[in-house]
Amino acid sequence: MANIIVFAIIAVVIIAAALAAVFTKRIMRSVTALLFVLFAIAGLYFLLDYTFLGAAQLSIYAGGMTMIYIFAIQLLGRRDLQGYVEKLSFKRTVGAAIVSFIGCATVVGVMLKNFFIDKFMSVADSEVSMEKIGEALVGSEKYQYVLPFEFISLFLLACIIGGLVVSRNQKEDK
Amino acid sequence: MVPVECFFVLSAILFFIGVFGFVTRRNLIAMLVSVELILNAVDINFAAFNRLLFPEGNEGFFFTLFSIGVSAAESAVAIAIILNVYRLFKSDSVEAIDNLKL
């Protein structure tokens with residue numbers, strides 16, 4: 001019962017903050033609302049007893065990525081973005097609302113009419129142990145993930161170099 | 001435990017809020033924020049499927065973990081591109097970018 005109450009609070013926060021992120025016309029507020037969505041999703045992982053995932057979500061998404069966004073907004077010029085107000089076309093808004101409503105109804109319908117949902121089982125409130133996560137991350141057996149783990153480190157390195165190359169000021173080269 | 005349907009409905013709503021934002025907003029950073037909403041909706045689904053429908057395995061857990069890492073990298077590169085676009089075109093709206101080259 002307590003779980004359901006916590007879930008309801010988290011769900012309300014997620015949906016309200018997501019709507020705020022999409023609808024507010026000021027870009028800084030939009031990013032702040034995104035931060036609240038990310039925090040609430042970390043709470044959802046804690047609720048599912050995936051504490052490691054919740055911590056990763058907090059440190060990578062909420063701590064790291066929002067910081068990148070805020071830096072980008074600050075760097076893009078004071079006059080332009082912080083008080084930036086966007087004009088939305090009414091026709092596009094109505095069209096997008098209809099499309100997303102139909103899409104949402106379809107997805108929810110498919111999800112709820114499915115049979116695999118009956119396999120839902122009540123699991124005991126126990127965390128995935130840290131040893132299990134560590135062994136699965138660096139093991140090379142079946143259901144262990146050393147290859148994607150190494151790939152993602154390479155990928156992050158490539159992204160750092162790519163980001164530096166792309167955002168370098170090209171006028172200085174000449 | 002929370003019934004698994006709640007997670008599905010929540011993530012579907014979050015996903016389509018993101019789609020709505022991606023279609024309506026014309027600002028590059030706002031579109032990136034919408035993409036993050038979509039990615040997070042998918043992550044919720046991975047975790048909920050894994051935890052509530054197949055708790056013996058850990059595949060959904062690691063999918064979510066890797067998806068968080070990949071989306072962090074993706075957003076860093078996207079921010080670098082947006083900074084460069086802003087420097088070249090003096091605008092951050094998608095309508096301003098109609099050529100790949102100046």
# chains A, B, ... in the order shown; residues from 1 in each chain; ligands from 1
>>> closest_atom_pairs(of="chain B", to="chain A", cutoff="8 Å", atoms="only C-alpha atoms", output="JSON lines")
{"residue": "B:Met1", "atom": "CA", "partner": "A:Asn3", "partner_atom": "CA", "distance": 6.2}
{"residue": "B:Val2", "atom": "CA", "partner": "A:Ile4", "partner_atom": "CA", "distance": 5.5}
{"residue": "B:Pro3", "atom": "CA", "partner": "A:Phe120", "partner_atom": "CA", "distance": 7.8}
{"residue": "B:Val4", "atom": "CA", "partner": "A:Phe120", "partner_atom": "CA", "distance": 6.8}
{"residue": "B:Glu5", "atom": "CA", "partner": "A:Leu112", "partner_atom": "CA", "distance": 6.8}
{"residue": "B:Phe8", "atom": "CA", "partner": "A:Met111", "partner_atom": "CA", "distance": 6.9}
{"residue": "B:Val9", "atom": "CA", "partner": "A:Val108", "partner_atom": "CA", "distance": 6.0}
{"residue": "B:Leu10", "atom": "CA", "partner": "A:Ala11", "partner_atom": "CA", "distance": 6.8}
{"residue": "B:Ala12", "atom": "CA", "partner": "A:Cys104", "partner_atom": "CA", "distance": 6.0}
{"residue": "B:Ile13", "atom": "CA", "partner": "A:Cys104", "partner_atom": "CA", "distance": 6.3}
{"residue": "B:Leu14", "atom": "CA", "partner": "A:Ile15", "partner_atom": "CA", "distance": 6.6}
{"residue": "B:Phe16", "atom": "CA", "partner": "A:Ser100", "partner_atom": "CA", "distance": 5.3}
{"residue": "B:Ile17", "atom": "CA", "partner": "A:Leu19", "partner_atom": "CA", "distance": 6.7}
{"residue": "B:Gly18", "atom": "CA", "partner": "A:Val22", "partner_atom": "CA", "distance": 7.4}
{"residue": "B:Val19", "atom": "CA", "partner": "A:Ser100", "partner_atom": "CA", "distance": 6.7}
{"residue": "B:Phe20", "atom": "CA", "partner": "A:Ala96", "partner_atom": "CA", "distance": 5.5}
{"residue": "B:Gly21", "atom": "CA", "partner": "A:Val22", "partner_atom": "CA", "distance": 5.1}
{"residue": "B:Val23", "atom": "CA", "partner": "A:Ala96", "partner_atom": "CA", "distance": 6.2}
{"residue": "B:Thr24", "atom": "CA", "partner": "A:Thr93", "partner_atom": "CA", "distance": 5.6}
{"residue": "B:Arg25", "atom": "CA", "partner": "A:Leu88", "partner_atom": "CA", "distance": 7.0}
{"residue": "B:Arg26", "atom": "CA", "partner": "A:Glu86", "partner_atom": "CA", "distance": 7.8}
{"residue": "B:Asn27", "atom": "CA", "partner": "A:Glu86", "partner_atom": "CA", "distance": 7.6}
{"residue": "B:Ile29", "atom": "CA", "partner": "A:Ile27", "partner_atom": "CA", "distance": 7.6}
{"residue": "B:Ala30", "atom": "CA", "partner": "A:Ile27", "partner_atom": "CA", "distance": 6.6}
{"residue": "B:Val33", "atom": "CA", "partner": "A:Leu34", "partner_atom": "CA", "distance": 6.9}
{"residue": "B:Ser34", "atom": "CA", "partner": "A:Val22", "partner_atom": "CA", "distance": 7.0}
{"residue": "B:Leu37", "atom": "CA", "partner": "A:Ala18", "partner_atom": "CA", "distance": 7.4}
{"residue": "B:Asn40", "atom": "CA", "partner": "A:Ile41", "partner_atom": "CA", "distance": 7.7}
{"residue": "B:Ile44", "atom": "CA", "partner": "A:Ile41", "partner_atom": "CA", "distance": 7.5}
{"residue": "B:Ala47", "atom": "CA", "partner": "A:Tyr45", "partner_atom": "CA", "distance": 7.5}
{"residue": "B:Ala48", "atom": "CA", "partner": "A:Leu48", "partner_atom": "CA", "distance": 7.5}
{"residue": "B:Arg51", "atom": "CA", "partner": "A:Leu48", "partner_atom": "CA", "distance": 6.9}
{"residue": "B:Leu52", "atom": "CA", "partner": "A:Phe120", "partner_atom": "CA", "distance": 5.9}
{"residue": "B:Leu53", "atom": "CA", "partner": "A:Phe120", "partner_atom": "CA", "distance": 5.1}
{"residue": "B:Pro55", "atom": "CA", "partner": "A:Val123", "partner_atom": "CA", "distance": 7.2}
{"residue": "B:Glu59", "atom": "CA", "partner": "A:Tyr143", "partner_atom": "CA", "distance": 7.5}
{"residue": "B:Phe61", "atom": "CA", "partner": "A:Leu53", "partner_atom": "CA", "distance": 7.4}
{"residue": "B:Thr64", "atom": "CA", "partner": "A:Leu53", "partner_atom": "CA", "distance": 7.8}
{"residue": "B:Leu65", "atom": "CA", "partner": "A:Leu53", "partner_atom": "CA", "distance": 6.6}
{"residue": "B:Phe66", "atom": "CA", "partner": "A:Ile152", "partner_atom": "CA", "distance": 7.5}
{"residue": "B:Ile68", "atom": "CA", "partner": "A:Gln57", "partner_atom": "CA", "distance": 7.2}
{"residue": "B:Gly69", "atom": "CA", "partner": "A:Ile152", "partner_atom": "CA", "distance": 7.3}
{"residue": "B:Val70", "atom": "CA", "partner": "A:Ile152", "partner_atom": "CA", "distance": 7.3}
{"residue": "B:Ala72", "atom": "CA", "partner": "A:Met65", "partner_atom": "CA", "distance": 6.4}
{"residue": "B:Ala73", "atom": "CA", "partner": "A:Cys159", "partner_atom": "CA", "distance": 5.9}
{"residue": "B:Glu74", "atom": "CA", "partner": "A:Cys159", "partner_atom": "CA", "distance": 7.7}
{"residue": "B:Ser75", "atom": "CA", "partner": "A:Met65", "partner_atom": "CA", "distance": 7.5}
{"residue": "B:Ala76", "atom": "CA", "partner": "A:Gly163", "partner_atom": "CA", "distance": 6.8}
{"residue": "B:Val77", "atom": "CA", "partner": "A:Gly163", "partner_atom": "CA", "distance": 5.0}
{"residue": "B:Ile79", "atom": "CA", "partner": "A:Ala72", "partner_atom": "CA", "distance": 6.7}
{"residue": "B:Ala80", "atom": "CA", "partner": "A:Ser167", "partner_atom": "CA", "distance": 5.1}
{"residue": "B:Ile81", "atom": "CA", "partner": "A:Val166", "partner_atom": "CA", "distance": 6.2}
{"residue": "B:Leu83", "atom": "CA", "partner": "A:Ser167", "partner_atom": "CA", "distance": 6.5}
{"residue": "B:Asn84", "atom": "CA", "partner": "A:Ser167", "partner_atom": "CA", "distance": 5.4}
{"residue": "B:Tyr86", "atom": "CA", "partner": "A:Leu76", "partner_atom": "CA", "distance": 7.1}
>>> write_last_selection(atoms="C-alpha atoms", output="short mmCIF file (atom, residue, chain, number, x, y, z; two decimals), in the first residue's frame")
data_model
loop_
_atom_site.label_atom_id
_atom_site.label_comp_id
_atom_site.auth_asym_id
_atom_site.auth_seq_id
_atom_site.Cartn_x
_atom_site.Cartn_y
_atom_site.Cartn_z
CA MET B 1 4.23 -4.06 -5.10
CA VAL B 2 2.88 -1.59 -7.59
CA PRO B 3 1.00 -3.32 -10.42
CA VAL B 4 3.03 -3.43 -13.62
CA GLU B 5 0.24 -1.71 -15.59
CA PHE B 8 3.36 0.96 -18.57
CA VAL B 9 0.76 3.71 -18.51
CA LEU B 10 3.17 6.17 -16.91
CA ALA B 12 3.48 5.68 -22.36
CA ILE B 13 2.25 9.07 -21.16
CA LEU B 14 5.81 10.31 -20.65
CA PHE B 16 4.05 10.85 -25.87
CA ILE B 17 4.59 14.06 -23.91
CA GLY B 18 8.11 13.87 -25.31
CA VAL B 19 6.84 13.24 -28.83
CA PHE B 20 4.48 16.19 -28.51
CA GLY B 21 7.33 18.44 -27.42
CA VAL B 23 6.98 18.04 -32.82
CA THR B 24 5.86 21.39 -31.49
CA ARG B 25 9.02 23.04 -30.20
CA ARG B 26 11.33 24.71 -32.69
CA ASN B 27 14.21 25.45 -30.39
CA ILE B 29 17.66 22.73 -26.84
CA ALA B 30 13.94 22.30 -26.19
CA VAL B 33 14.92 18.07 -23.72
CA SER B 34 11.99 16.29 -25.39
CA LEU B 37 11.92 12.61 -21.95
CA ASN B 40 13.64 8.15 -19.97
CA ILE B 44 11.33 3.07 -17.12
CA ALA B 47 13.42 -1.53 -15.59
CA ALA B 48 9.76 -2.33 -14.94
CA ARG B 51 11.76 -6.21 -12.22
CA LEU B 52 8.10 -7.14 -12.35
CA LEU B 53 7.88 -9.70 -15.15
CA PRO B 55 12.98 -10.79 -11.66
CA GLU B 59 18.94 -7.85 -18.67
CA PHE B 61 18.77 -3.48 -15.57
CA THR B 64 18.90 0.78 -18.70
CA LEU B 65 22.42 1.33 -17.39
CA PHE B 66 23.92 1.33 -20.89
CA ILE B 68 21.83 6.09 -19.57
CA GLY B 69 25.50 6.09 -20.61
CA VAL B 70 24.75 6.32 -24.32
CA ALA B 72 24.73 11.12 -21.80
CA ALA B 73 27.24 10.86 -24.63
CA GLU B 74 24.57 11.69 -27.19
CA SER B 75 23.49 14.81 -25.38
CA ALA B 76 27.08 16.02 -24.95
CA VAL B 77 27.70 15.78 -28.70
CA ILE B 79 25.13 20.30 -27.16
CA ALA B 80 28.49 20.74 -28.93
CA ILE B 81 26.71 20.81 -32.29
CA LEU B 83 26.89 25.59 -29.72
CA ASN B 84 28.56 25.45 -33.12
CA TYR B 86 24.64 29.04 -32.73
#
>>> select_by_dssp(residues="chain B", states="alpha helix (DSSP H)", output="PyMOL selection string")
chain B and resi 4-24+28-48+59-89
>>> atom_distance(atom1="CA of Gly57 in chain B", atom2="CA of Glu131 in chain A")
14.5 Å
